[in-house]
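entry36.pdb (PDB, C-alpha atoms) appears below.
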```pdb
ATOM      1  CA  MET A1113      14.616 -12.847  -8.726  1.00  0.00           C
ATOM      2  CA  LYS A1114      14.976 -16.567  -9.398  1.00  0.00           C
ATOM      3  CA  SER A1115      16.692 -18.580 -12.075  1.00  0.00           C
ATOM      4  CA  VAL A1116      14.142 -20.887 -13.713  1.00  0.00           C
ATOM      5  CA  LEU A1117      14.235 -23.715 -16.251  1.00  0.00           C
ATOM      6  CA  VAL A1118      11.057 -24.772 -18.038  1.00  0.00           C
ATOM      7  CA  VAL A1119      11.183 -28.043 -20.003  1.00  0.00           C
ATOM      8  CA  GLY A1120       8.273 -28.429 -22.420  1.00  0.00           C
ATOM      9  CA  MET A1121       6.697 -25.459 -24.169  1.00  0.00           C
ATOM     10  CA  GLY A1122       3.127 -26.594 -24.614  1.00  0.00           C
ATOM     11  CA  ARG A1123       0.308 -24.277 -23.509  1.00  0.00           C
ATOM     12  CA  PHE A1124       0.975 -24.789 -19.812  1.00  0.00           C
ATOM     13  CA  GLY A1125       4.731 -24.392 -20.191  1.00  0.00           C
ATOM     14  CA  ARG A1126       4.374 -21.201 -22.240  1.00  0.00           C
ATOM     15  CA  HIS A1127       1.964 -19.628 -19.752  1.00  0.00           C
ATOM     16  CA  LEU A1128       4.169 -20.613 -16.813  1.00  0.00           C
ATOM     17  CA  ALA A1129       7.393 -19.373 -18.398  1.00  0.00           C
ATOM     18  CA  GLY A1130       5.752 -16.174 -19.592  1.00  0.00           C
ATOM     19  CA  LYS A1131       4.426 -15.367 -16.125  1.00  0.00           C
ATOM     20  CA  MET A1132       7.782 -16.105 -14.515  1.00  0.00           C
ATOM     21  CA  ILE A1133       9.428 -13.692 -16.964  1.00  0.00           C
ATOM     22  CA  GLU A1134       6.740 -11.081 -16.277  1.00  0.00           C
ATOM     23  CA  LEU A1135       7.510 -11.395 -12.557  1.00  0.00           C
ATOM     24  CA  GLY A1136      11.151 -10.517 -13.217  1.00  0.00           C
ATOM     25  CA  ASN A1137      12.795 -13.937 -13.141  1.00  0.00           C
ATOM     26  CA  GLU A1138      15.535 -15.258 -15.408  1.00  0.00           C
ATOM     27  CA  VAL A1139      13.944 -18.043 -17.457  1.00  0.00           C
ATOM     28  CA  MET A1140      15.423 -20.602 -19.830  1.00  0.00           C
ATOM     29  CA  VAL A1141      12.960 -22.652 -21.893  1.00  0.00           C
ATOM     30  CA  VAL A1142      13.651 -25.928 -23.680  1.00  0.00           C
ATOM     31  CA  ASP A1143      11.637 -28.044 -26.111  1.00  0.00           C
ATOM     32  CA  GLN A1144      12.667 -30.765 -28.545  1.00  0.00           C
ATOM     33  CA  ASP A1145      10.393 -29.372 -31.269  1.00  0.00           C
ATOM     34  CA  GLU A1146      12.308 -26.849 -33.365  1.00  0.00           C
ATOM     35  CA  ASN A1147       9.111 -25.302 -34.738  1.00  0.00           C
ATOM     36  CA  ILE A1148       7.768 -24.591 -31.251  1.00  0.00           C
ATOM     37  CA  ILE A1149      10.965 -22.824 -30.226  1.00  0.00           C
ATOM     38  CA  GLN A1150      11.159 -20.814 -33.432  1.00  0.00           C
ATOM     39  CA  ASP A1151       7.550 -19.653 -33.064  1.00  0.00           C
ATOM     40  CA  LEU A1152       7.957 -18.368 -29.499  1.00  0.00           C
ATOM     41  CA  PRO A1153       7.447 -14.625 -28.924  1.00  0.00           C
ATOM     42  CA  ASN A1154      10.459 -12.399 -28.337  1.00  0.00           C
ATOM     43  CA  ILE A1155       9.968 -12.378 -24.559  1.00  0.00           C
ATOM     44  CA  TYR A1156      11.504 -15.853 -24.422  1.00  0.00           C
ATOM     45  CA  THR A1157      15.035 -14.615 -24.930  1.00  0.00           C
ATOM     46  CA  ASP A1158      16.789 -17.748 -23.612  1.00  0.00           C
ATOM     47  CA  SER A1159      15.271 -20.649 -25.551  1.00  0.00           C
ATOM     48  CA  HIS A1160      16.876 -23.906 -26.635  1.00  0.00           C
ATOM     49  CA  ILE A1161      16.038 -26.884 -28.823  1.00  0.00           C
ATOM     50  CA  GLY A1162      16.885 -30.156 -27.118  1.00  0.00           C
ATOM     51  CA  ASP A1163      15.645 -33.585 -26.096  1.00  0.00           C
ATOM     52  CA  CYS A1164      15.873 -33.586 -22.317  1.00  0.00           C
ATOM     53  CA  THR A1165      15.437 -37.360 -22.136  1.00  0.00           C
ATOM     54  CA  ASN A1166      19.103 -37.350 -23.235  1.00  0.00           C
ATOM     55  CA  GLU A1167      21.398 -37.025 -20.229  1.00  0.00           C
ATOM     56  CA  ASN A1168      24.036 -35.136 -22.232  1.00  0.00           C
ATOM     57  CA  VAL A1169      21.465 -32.492 -23.157  1.00  0.00           C
ATOM     58  CA  VAL A1170      20.371 -32.109 -19.540  1.00  0.00           C
ATOM     59  CA  ARG A1171      23.963 -31.777 -18.342  1.00  0.00           C
ATOM     60  CA  SER A1172      24.670 -29.143 -20.993  1.00  0.00           C
ATOM     61  CA  LEU A1173      21.951 -26.928 -19.499  1.00  0.00           C
ATOM     62  CA  GLY A1174      23.768 -26.570 -16.174  1.00  0.00           C
ATOM     63  CA  VAL A1175      20.648 -27.498 -14.248  1.00  0.00           C
ATOM     64  CA  ASN A1176      22.387 -27.167 -10.882  1.00  0.00           C
ATOM     65  CA  ASN A1177      22.468 -23.398 -11.454  1.00  0.00           C
ATOM     66  CA  PHE A1178      18.683 -23.026 -11.492  1.00  0.00           C
ATOM     67  CA  ASP A1179      16.636 -22.306  -8.383  1.00  0.00           C
ATOM     68  CA  ILE A1180      13.771 -24.369  -9.772  1.00  0.00           C
ATOM     69  CA  CYS A1181      13.213 -26.628 -12.777  1.00  0.00           C
ATOM     70  CA  PHE A1182       9.712 -27.178 -14.152  1.00  0.00           C
ATOM     71  CA  VAL A1183       8.835 -30.227 -16.238  1.00  0.00           C
ATOM     72  CA  THR A1184       5.640 -29.283 -18.054  1.00  0.00           C
ATOM     73  CA  ILE A1185       5.282 -32.124 -20.543  1.00  0.00           C
ATOM     74  CA  GLY A1186       1.675 -33.260 -20.467  1.00  0.00           C
ATOM     75  CA  GLU A1187       1.233 -35.910 -23.150  1.00  0.00           C
ATOM     76  CA  ASN A1188       4.225 -38.193 -22.694  1.00  0.00           C
ATOM     77  CA  PHE A1189       4.434 -39.388 -19.115  1.00  0.00           C
ATOM     78  CA  GLN A1190       7.431 -41.614 -19.784  1.00  0.00           C
ATOM     79  CA  SER A1191       9.394 -38.548 -20.933  1.00  0.00           C
ATOM     80  CA  SER A1192       8.328 -36.664 -17.795  1.00  0.00           C
ATOM     81  CA  LEU A1193       9.636 -39.497 -15.650  1.00  0.00           C
ATOM     82  CA  VAL A1194      12.955 -39.685 -17.457  1.00  0.00           C
ATOM     83  CA  ILE A1195      13.486 -35.926 -17.483  1.00  0.00           C
ATOM     84  CA  THR A1196      12.574 -35.544 -13.814  1.00  0.00           C
ATOM     85  CA  SER A1197      14.997 -38.316 -12.886  1.00  0.00           C
ATOM     86  CA  LEU A1198      17.804 -36.857 -15.019  1.00  0.00           C
ATOM     87  CA  LEU A1199      17.310 -33.372 -13.600  1.00  0.00           C
ATOM     88  CA  LYS A1200      17.764 -34.674 -10.065  1.00  0.00           C
ATOM     89  CA  LYS A1201      20.696 -36.866 -11.129  1.00  0.00           C
ATOM     90  CA  CYS A1202      22.404 -33.847 -12.682  1.00  0.00           C
ATOM     91  CA  GLY A1203      22.046 -31.753  -9.538  1.00  0.00           C
ATOM     92  CA  ALA A1204      18.780 -29.829  -9.909  1.00  0.00           C
ATOM     93  CA  LYS A1205      17.933 -28.149  -6.608  1.00  0.00           C
ATOM     94  CA  TYR A1206      14.156 -28.314  -6.919  1.00  0.00           C
ATOM     95  CA  VAL A1207      12.059 -30.056  -9.570  1.00  0.00           C
ATOM     96  CA  CYS A1208       8.347 -29.399 -10.045  1.00  0.00           C
ATOM     97  CA  THR A1209       6.639 -31.725 -12.536  1.00  0.00           C
ATOM     98  CA  LYS A1210       3.209 -31.708 -14.110  1.00  0.00           C
ATOM     99  CA  ALA A1211       0.976 -34.771 -13.738  1.00  0.00           C
ATOM    100  CA  SER A1212      -2.610 -35.664 -14.536  1.00  0.00           C
ATOM    101  CA  GLN A1213      -3.195 -38.710 -12.300  1.00  0.00           C
ATOM    102  CA  ASP A1214      -2.370 -39.762  -8.751  1.00  0.00           C
ATOM    103  CA  ILE A1215      -0.447 -42.814  -9.943  1.00  0.00           C
ATOM    104  CA  GLN A1216       1.757 -40.529 -12.039  1.00  0.00           C
ATOM    105  CA  ALA A1217       2.421 -38.343  -9.023  1.00  0.00           C
ATOM    106  CA  GLU A1218       3.444 -41.376  -6.975  1.00  0.00           C
ATOM    107  CA  PHE A1219       6.007 -42.441  -9.557  1.00  0.00           C
ATOM    108  CA  LEU A1220       7.329 -38.915  -9.972  1.00  0.00           C
ATOM    109  CA  MET A1221       7.825 -38.470  -6.234  1.00  0.00           C
ATOM    110  CA  LYS A1222       9.584 -41.834  -5.988  1.00  0.00           C
ATOM    111  CA  ILE A1223      12.116 -40.898  -8.659  1.00  0.00           C
ATOM    112  CA  GLY A1224      12.915 -37.544  -7.087  1.00  0.00           C
ATOM    113  CA  ALA A1225      10.344 -34.853  -7.924  1.00  0.00           C
ATOM    114  CA  ASP A1226      10.162 -32.273  -5.142  1.00  0.00           C
ATOM    115  CA  GLU A1227       6.665 -31.175  -6.140  1.00  0.00           C
ATOM    116  CA  VAL A1228       3.941 -32.471  -8.446  1.00  0.00           C
ATOM    117  CA  VAL A1229       1.141 -30.267  -9.767  1.00  0.00           C
ATOM    118  CA  TYR A1230      -2.187 -31.117 -11.396  1.00  0.00           C
ATOM    119  CA  PRO A1231      -3.120 -27.947 -13.339  1.00  0.00           C
ATOM    120  CA  GLU A1232      -6.207 -29.418 -15.019  1.00  0.00           C
ATOM    121  CA  ARG A1233      -7.515 -30.854 -11.748  1.00  0.00           C
ATOM    122  CA  GLU A1234      -6.806 -27.665  -9.833  1.00  0.00           C
ATOM    123  CA  ILE A1235      -8.623 -25.528 -12.407  1.00  0.00           C
ATOM    124  CA  ALA A1236     -11.566 -27.936 -12.451  1.00  0.00           C
ATOM    125  CA  GLU A1237     -11.823 -27.936  -8.647  1.00  0.00           C
ATOM    126  CA  LYS A1238     -11.621 -24.150  -8.533  1.00  0.00           C
ATOM    127  CA  LEU A1239     -14.392 -23.815 -11.107  1.00  0.00           C
ATOM    128  CA  ALA A1240     -16.544 -26.335  -9.252  1.00  0.00           C
ATOM    129  CA  ILE A1241     -16.187 -24.419  -5.986  1.00  0.00           C
ATOM    130  CA  ARG A1242     -16.903 -21.067  -7.651  1.00  0.00           C
ATOM    131  CA  HIS A1243     -20.057 -22.299  -9.339  1.00  0.00           C
ATOM    132  CA  ASN A1244     -21.289 -24.638  -6.616  1.00  0.00           C
ATOM    133  CA  ALA A1245     -22.484 -21.692  -4.569  1.00  0.00           C
ATOM    134  CA  LYS A1246     -23.647 -18.315  -5.796  1.00  0.00           C
ATOM    135  CA  ASN A1247     -21.561 -15.202  -5.362  1.00  0.00           C
ATOM    136  CA  ILE A1248     -18.099 -16.729  -5.069  1.00  0.00           C
ATOM    137  CA  PHE A1249     -15.806 -14.554  -7.173  1.00  0.00           C
ATOM    138  CA  ASP A1250     -12.494 -16.220  -6.396  1.00  0.00           C
ATOM    139  CA  TYR A1251     -11.175 -19.134  -4.409  1.00  0.00           C
ATOM    140  CA  ILE A1252      -7.727 -20.320  -3.271  1.00  0.00           C
ATOM    141  CA  GLN A1253      -7.356 -23.582  -1.377  1.00  0.00           C
ATOM    142  CA  LEU A1254      -4.938 -23.413   1.553  1.00  0.00           C
ATOM    143  CA  THR A1255      -5.409 -26.809   3.219  1.00  0.00           C
ATOM    144  CA  SER A1256      -7.837 -29.704   2.942  1.00  0.00           C
ATOM    145  CA  GLU A1257     -10.172 -27.777   5.264  1.00  0.00           C
ATOM    146  CA  TYR A1258      -9.535 -24.059   4.838  1.00  0.00           C
ATOM    147  CA  SER A1259      -9.563 -21.800   1.788  1.00  0.00           C
ATOM    148  CA  LEU A1260      -9.676 -18.147   0.841  1.00  0.00           C
ATOM    149  CA  TYR A1261     -12.860 -16.877  -0.802  1.00  0.00           C
ATOM    150  CA  GLU A1262     -13.822 -13.564  -2.332  1.00  0.00           C
ATOM    151  CA  ILE A1263     -17.533 -12.983  -1.763  1.00  0.00           C
ATOM    152  CA  PRO A1264     -19.929 -10.006  -1.636  1.00  0.00           C
ATOM    153  CA  ILE A1265     -21.169  -8.597   1.638  1.00  0.00           C
ATOM    154  CA  ILE A1266     -24.706  -9.231   2.812  1.00  0.00           C
ATOM    155  CA  PRO A1267     -26.662  -6.146   1.613  1.00  0.00           C
ATOM    156  CA  SER A1268     -27.807  -5.290   5.143  1.00  0.00           C
ATOM    157  CA  TRP A1269     -24.158  -4.810   6.198  1.00  0.00           C
ATOM    158  CA  ALA A1270     -23.861  -1.582   4.195  1.00  0.00           C
ATOM    159  CA  GLY A1271     -23.436   1.285   6.653  1.00  0.00           C
ATOM    160  CA  GLN A1272     -22.346  -1.032   9.485  1.00  0.00           C
ATOM    161  CA  THR A1273     -18.839  -1.565  10.829  1.00  0.00           C
ATOM    162  CA  VAL A1274     -16.828  -4.795  10.684  1.00  0.00           C
ATOM    163  CA  ALA A1275     -17.094  -5.037  14.473  1.00  0.00           C
ATOM    164  CA  ALA A1276     -20.873  -4.588  14.416  1.00  0.00           C
ATOM    165  CA  VAL A1277     -21.586  -7.401  11.943  1.00  0.00           C
ATOM    166  CA  ASN A1278     -19.315  -9.743  13.959  1.00  0.00           C
ATOM    167  CA  VAL A1279     -18.711 -12.163  11.083  1.00  0.00           C
ATOM    168  CA  ARG A1280     -16.290 -14.330  13.031  1.00  0.00           C
ATOM    169  CA  LYS A1281     -18.810 -15.131  15.765  1.00  0.00           C
ATOM    170  CA  LYS A1282     -21.898 -15.436  13.566  1.00  0.00           C
ATOM    171  CA  TYR A1283     -20.415 -17.292  10.578  1.00  0.00           C
ATOM    172  CA  ARG A1284     -17.060 -18.686  11.830  1.00  0.00           C
ATOM    173  CA  VAL A1285     -15.031 -17.027   9.084  1.00  0.00           C
ATOM    174  CA  ASN A1286     -12.344 -14.365   9.325  1.00  0.00           C
ATOM    175  CA  ILE A1287     -12.217 -11.274   7.117  1.00  0.00           C
ATOM    176  CA  ILE A1288      -8.648 -10.714   5.896  1.00  0.00           C
ATOM    177  CA  ALA A1289      -9.346  -8.035   3.278  1.00  0.00           C
ATOM    178  CA  ILE A1290     -12.080  -5.843   1.820  1.00  0.00           C
ATOM    179  CA  LYS A1291     -12.304  -4.935  -1.852  1.00  0.00           C
ATOM    180  CA  HIS A1292     -14.006  -1.665  -2.723  1.00  0.00           C
ATOM    181  CA  ASP A1293     -14.078  -0.381  -6.320  1.00  0.00           C
ATOM    182  CA  ASN A1294     -11.387  -2.983  -7.144  1.00  0.00           C
ATOM    183  CA  LEU A1295      -9.067  -1.531  -4.474  1.00  0.00           C
ATOM    184  CA  LEU A1296      -7.958  -3.999  -1.799  1.00  0.00           C
ATOM    185  CA  ASP A1297      -7.835  -2.984   1.864  1.00  0.00           C
ATOM    186  CA  PRO A1298      -5.889  -5.728   3.687  1.00  0.00           C
ATOM    187  CA  LEU A1299      -6.567  -6.479   7.335  1.00  0.00           C
ATOM    188  CA  PRO A1300      -9.330  -3.878   7.847  1.00  0.00           C
ATOM    189  CA  GLY A1301      -9.941  -2.594  11.353  1.00  0.00           C
ATOM    190  CA  GLY A1302     -13.138  -3.163  13.287  1.00  0.00           C
ATOM    191  CA  ASP A1303     -14.172   0.440  12.597  1.00  0.00           C
ATOM    192  CA  TYR A1304     -14.306  -0.008   8.829  1.00  0.00           C
ATOM    193  CA  VAL A1305     -17.797   0.863   7.565  1.00  0.00           C
ATOM    194  CA  PHE A1306     -19.077  -1.405   4.799  1.00  0.00           C
ATOM    195  CA  CYS A1307     -20.245   0.210   1.576  1.00  0.00           C
ATOM    196  CA  GLU A1308     -22.780  -1.105  -0.885  1.00  0.00           C
ATOM    197  CA  GLY A1309     -21.005  -3.320  -3.417  1.00  0.00           C
ATOM    198  CA  ASP A1310     -18.066  -4.205  -1.157  1.00  0.00           C
ATOM    199  CA  HIS A1311     -16.491  -7.631  -1.470  1.00  0.00           C
ATOM    200  CA  ILE A1312     -14.772  -9.380   1.404  1.00  0.00           C
ATOM    201  CA  VAL A1313     -11.917 -11.867   1.280  1.00  0.00           C
ATOM    202  CA  VAL A1314     -12.467 -14.424   4.012  1.00  0.00           C
ATOM    203  CA  ILE A1315     -10.730 -17.516   5.278  1.00  0.00           C
ATOM    204  CA  GLY A1316     -12.875 -20.428   6.408  1.00  0.00           C
ATOM    205  CA  THR A1317     -14.210 -23.876   5.653  1.00  0.00           C
ATOM    206  CA  SER A1318     -16.363 -24.404   2.579  1.00  0.00           C
ATOM    207  CA  SER A1319     -19.445 -25.234   4.663  1.00  0.00           C
ATOM    208  CA  ASP A1320     -19.168 -22.020   6.705  1.00  0.00           C
ATOM    209  CA  VAL A1321     -18.521 -19.862   3.646  1.00  0.00           C
ATOM    210  CA  PHE A1322     -21.396 -21.454   1.713  1.00  0.00           C
ATOM    211  CA  ARG A1323     -23.667 -20.737   4.666  1.00  0.00           C
ATOM    212  CA  LEU A1324     -22.621 -17.084   4.506  1.00  0.00           C
ATOM    213  CA  THR A1325     -22.973 -16.783   0.724  1.00  0.00           C
ATOM    214  CA  SER A1326     -26.476 -18.229   0.871  1.00  0.00           C
ATOM    215  CA  LYS A1327     -27.475 -14.960   2.556  1.00  0.00           C
ATOM    216  CA  THR A1328     -25.820 -12.659   0.028  1.00  0.00           C
TER     217      THR A1328
END
```
Translate the structure described by the file into structure tokens.
Amino acid sequence: MKSVLVVGMGRFGRHLAGKMIELGNEVMVVDQDENIIQDLPNIYTDSHIGDCTNENVVRSLGVNNFDICFVTIGENFQSSLVITSLLKKCGAKYVCTKASQDIQAEFLMKIGADEVVYPEREIAEKLAIRHNAKNIFDYIQLTSEYSLYEIPIIPSWAGQTVAAVNVRKKYRVNIIAIKHDNLLDPLPGGDYVFCEGDHIVVIGTSSDVFRLTSKT
């Protein structure tokens, strides 16, 4: 369990804070808009009204006690800069701030952000990858070259073992899990026999995975 501070309760901030609570973390949320705080669901038990561009407000939150502080303000970049800087000045251990442009990320990193995220860009890229090639059900980028993909098996694999189809040699991807009837079998052995409708989770480059999906 982690102690988390989320500054800015727009759509992204609410989803982030809600998921962190769902995962069992202790979460404090802050927004300067009284109406936003008052309208939050009951799951946000530790919520505060405050303008975090004010150093006194930031200090009053005890930011050094949080494992991670998220700055999720999307429409006022100047406020994001000021809040990120104040969080670090007041002893925040780790600050993750939302940005929408590379130039914003550069400034945020220079003034102390430990991590910068681009939620809109990341969602757009994920959608583009999923719909660029047929039969990609999910996608997680790991590095600039390699990603995880959930794809269906080639129909002719049904009834054959993992070892027999030899995906690694033929397509240069590695199978790390098999999904059958929505149940995940991680790290399947070579003797696993594929069933019709199976999905595989593979790690590989986009070009190799697209070459495989073109046959599914």
Nearby residues (all atoms listed in the file) at most 10 Å from Asn1177 (chain A), same-chain spacing under 4 positions excluded, as a list in words: Ser1115, Val1116, Leu1117, Leu1173, Cys1181, Gly1203, Ala1204 and Lys1205 of chain A
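Interatomic distance, CA of Glu1227 (chain A) against CA of Thr1184 (chain A): 12.1 Å.
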Point (9.1, -28.6, -17.0), cut-off 6 Å, counting all atoms listed in the file, residues as number ranges by chain: A: 1118-1120, 1182-1184, 1209
Nearest candidate to Asn1244 (chain A) (options A:Val1313, A:Ile1155, A:Leu1199, A:Val1321; using all atoms listed in the file): A:Val1321
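Using all atoms listed in the file, the shortest contact distance between Val1170 (chain A) and any of A:Asp1143, A:Asp1303, A:Asp1250, A:Glu1187 is found at A:Asp1143.
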Please reconstruct the missing atoms of region 1114-1124 of chain A (target: all heavy atoms) and return them as a PDB file, in the frame of the given file.
```
ATOM      1  N   LYS A1114      14.536 -15.180  -9.372  1.00  0.00           N
ATOM      2  CA  LYS A1114      14.976 -16.567  -9.398  1.00  0.00           C
ATOM      3  C   LYS A1114      15.435 -16.968 -10.797  1.00  0.00           C
ATOM      4  O   LYS A1114      15.043 -16.359 -11.794  1.00  0.00           O
ATOM      5  CB  LYS A1114      13.846 -17.498  -8.945  1.00  0.00           C
ATOM      6  CG  LYS A1114      13.485 -17.364  -7.477  1.00  0.00           C
ATOM      7  CD  LYS A1114      12.452 -18.394  -7.069  1.00  0.00           C
ATOM      8  CE  LYS A1114      12.171 -18.310  -5.576  1.00  0.00           C
ATOM      9  NZ  LYS A1114      11.187 -19.331  -5.138  1.00  0.00           N
ATOM     10  N   SER A1115      16.263 -17.992 -10.813  1.00  0.00           N
ATOM     11  CA  SER A1115      16.692 -18.580 -12.075  1.00  0.00           C
ATOM     12  C   SER A1115      15.853 -19.824 -12.314  1.00  0.00           C
ATOM     13  O   SER A1115      15.808 -20.718 -11.467  1.00  0.00           O
ATOM     14  CB  SER A1115      18.180 -18.937 -12.004  1.00  0.00           C
ATOM     15  OG  SER A1115      18.608 -19.512 -13.216  1.00  0.00           O
ATOM     16  N   VAL A1116      15.161 -19.873 -13.473  1.00  0.00           N
ATOM     17  CA  VAL A1116      14.142 -20.887 -13.713  1.00  0.00           C
ATOM     18  C   VAL A1116      14.386 -21.601 -15.039  1.00  0.00           C
ATOM     19  O   VAL A1116      14.707 -20.963 -16.047  1.00  0.00           O
ATOM     20  CB  VAL A1116      12.736 -20.237 -13.735  1.00  0.00           C
ATOM     21  CG1 VAL A1116      11.658 -21.274 -14.041  1.00  0.00           C
ATOM     22  CG2 VAL A1116      12.454 -19.527 -12.417  1.00  0.00           C
ATOM     23  N   LEU A1117      14.203 -22.912 -15.028  1.00  0.00           N
ATOM     24  CA  LEU A1117      14.235 -23.715 -16.251  1.00  0.00           C
ATOM     25  C   LEU A1117      12.858 -24.313 -16.472  1.00  0.00           C
ATOM     26  O   LEU A1117      12.269 -24.894 -15.554  1.00  0.00           O
ATOM     27  CB  LEU A1117      15.270 -24.843 -16.131  1.00  0.00           C
ATOM     28  CG  LEU A1117      15.290 -25.874 -17.272  1.00  0.00           C
ATOM     29  CD1 LEU A1117      15.764 -25.237 -18.574  1.00  0.00           C
ATOM     30  CD2 LEU A1117      16.183 -27.067 -16.900  1.00  0.00           C
ATOM     31  N   VAL A1118      12.332 -24.163 -17.686  1.00  0.00           N
ATOM     32  CA  VAL A1118      11.057 -24.772 -18.038  1.00  0.00           C
ATOM     33  C   VAL A1118      11.288 -25.727 -19.202  1.00  0.00           C
ATOM     34  O   VAL A1118      11.720 -25.311 -20.281  1.00  0.00           O
ATOM     35  CB  VAL A1118       9.998 -23.717 -18.433  1.00  0.00           C
ATOM     36  CG1 VAL A1118       8.686 -24.402 -18.822  1.00  0.00           C
ATOM     37  CG2 VAL A1118       9.768 -22.745 -17.278  1.00  0.00           C
ATOM     38  N   VAL A1119      11.011 -27.017 -18.974  1.00  0.00           N
ATOM     39  CA  VAL A1119      11.183 -28.043 -20.003  1.00  0.00           C
ATOM     40  C   VAL A1119       9.805 -28.422 -20.541  1.00  0.00           C
ATOM     41  O   VAL A1119       8.975 -28.960 -19.811  1.00  0.00           O
ATOM     42  CB  VAL A1119      11.891 -29.293 -19.440  1.00  0.00           C
ATOM     43  CG1 VAL A1119      12.055 -30.340 -20.550  1.00  0.00           C
ATOM     44  CG2 VAL A1119      13.240 -28.925 -18.850  1.00  0.00           C
ATOM     45  N   GLY A1120       9.568 -28.136 -21.810  1.00  0.00           N
ATOM     46  CA  GLY A1120       8.273 -28.429 -22.420  1.00  0.00           C
ATOM     47  C   GLY A1120       7.484 -27.160 -22.632  1.00  0.00           C
ATOM     48  O   GLY A1120       7.005 -26.550 -21.680  1.00  0.00           O
ATOM     49  N   MET A1121       7.343 -26.738 -23.888  1.00  0.00           N
ATOM     50  CA  MET A1121       6.697 -25.459 -24.169  1.00  0.00           C
ATOM     51  C   MET A1121       5.335 -25.640 -24.837  1.00  0.00           C
ATOM     52  O   MET A1121       5.015 -25.018 -25.854  1.00  0.00           O
ATOM     53  CB  MET A1121       7.612 -24.595 -25.018  1.00  0.00           C
ATOM     54  CG  MET A1121       8.835 -24.107 -24.241  1.00  0.00           C
ATOM     55  SD  MET A1121       8.377 -23.129 -22.780  1.00  0.00           S
ATOM     56  CE  MET A1121       7.835 -21.634 -23.567  1.00  0.00           C
ATOM     57  N   GLY A1122       4.531 -26.524 -24.247  1.00  0.00           N
ATOM     58  CA  GLY A1122       3.127 -26.594 -24.614  1.00  0.00           C
ATOM     59  C   GLY A1122       2.402 -25.397 -24.016  1.00  0.00           C
ATOM     60  O   GLY A1122       3.026 -24.449 -23.535  1.00  0.00           O
ATOM     61  N   ARG A1123       1.072 -25.428 -24.017  1.00  0.00           N
ATOM     62  CA  ARG A1123       0.308 -24.277 -23.509  1.00  0.00           C
ATOM     63  C   ARG A1123       0.655 -23.962 -22.058  1.00  0.00           C
ATOM     64  O   ARG A1123       0.872 -22.801 -21.696  1.00  0.00           O
ATOM     65  CB  ARG A1123      -1.194 -24.536 -23.657  1.00  0.00           C
ATOM     66  CG  ARG A1123      -1.708 -24.429 -25.093  1.00  0.00           C
ATOM     67  CD  ARG A1123      -3.227 -24.440 -25.130  1.00  0.00           C
ATOM     68  NE  ARG A1123      -3.771 -25.688 -24.614  1.00  0.00           N
ATOM     69  CZ  ARG A1123      -4.019 -26.747 -25.375  1.00  0.00           C
ATOM     70  NH1 ARG A1123      -3.770 -26.712 -26.662  1.00  0.00           N
ATOM     71  NH2 ARG A1123      -4.532 -27.843 -24.844  1.00  0.00           N
ATOM     72  N   PHE A1124       0.690 -25.006 -21.228  1.00  0.00           N
ATOM     73  CA  PHE A1124       0.975 -24.789 -19.812  1.00  0.00           C
ATOM     74  C   PHE A1124       2.383 -24.244 -19.621  1.00  0.00           C
ATOM     75  O   PHE A1124       2.605 -23.298 -18.861  1.00  0.00           O
ATOM     76  CB  PHE A1124       0.775 -26.098 -19.041  1.00  0.00           C
ATOM     77  CG  PHE A1124       1.071 -25.988 -17.568  1.00  0.00           C
ATOM     78  CD1 PHE A1124       0.339 -25.139 -16.769  1.00  0.00           C
ATOM     79  CD2 PHE A1124       2.082 -26.746 -16.989  1.00  0.00           C
ATOM     80  CE1 PHE A1124       0.609 -25.032 -15.406  1.00  0.00           C
ATOM     81  CE2 PHE A1124       2.354 -26.649 -15.639  1.00  0.00           C
ATOM     82  CZ  PHE A1124       1.622 -25.787 -14.846  1.00  0.00           C
TER      83      PHE A1124
END
```
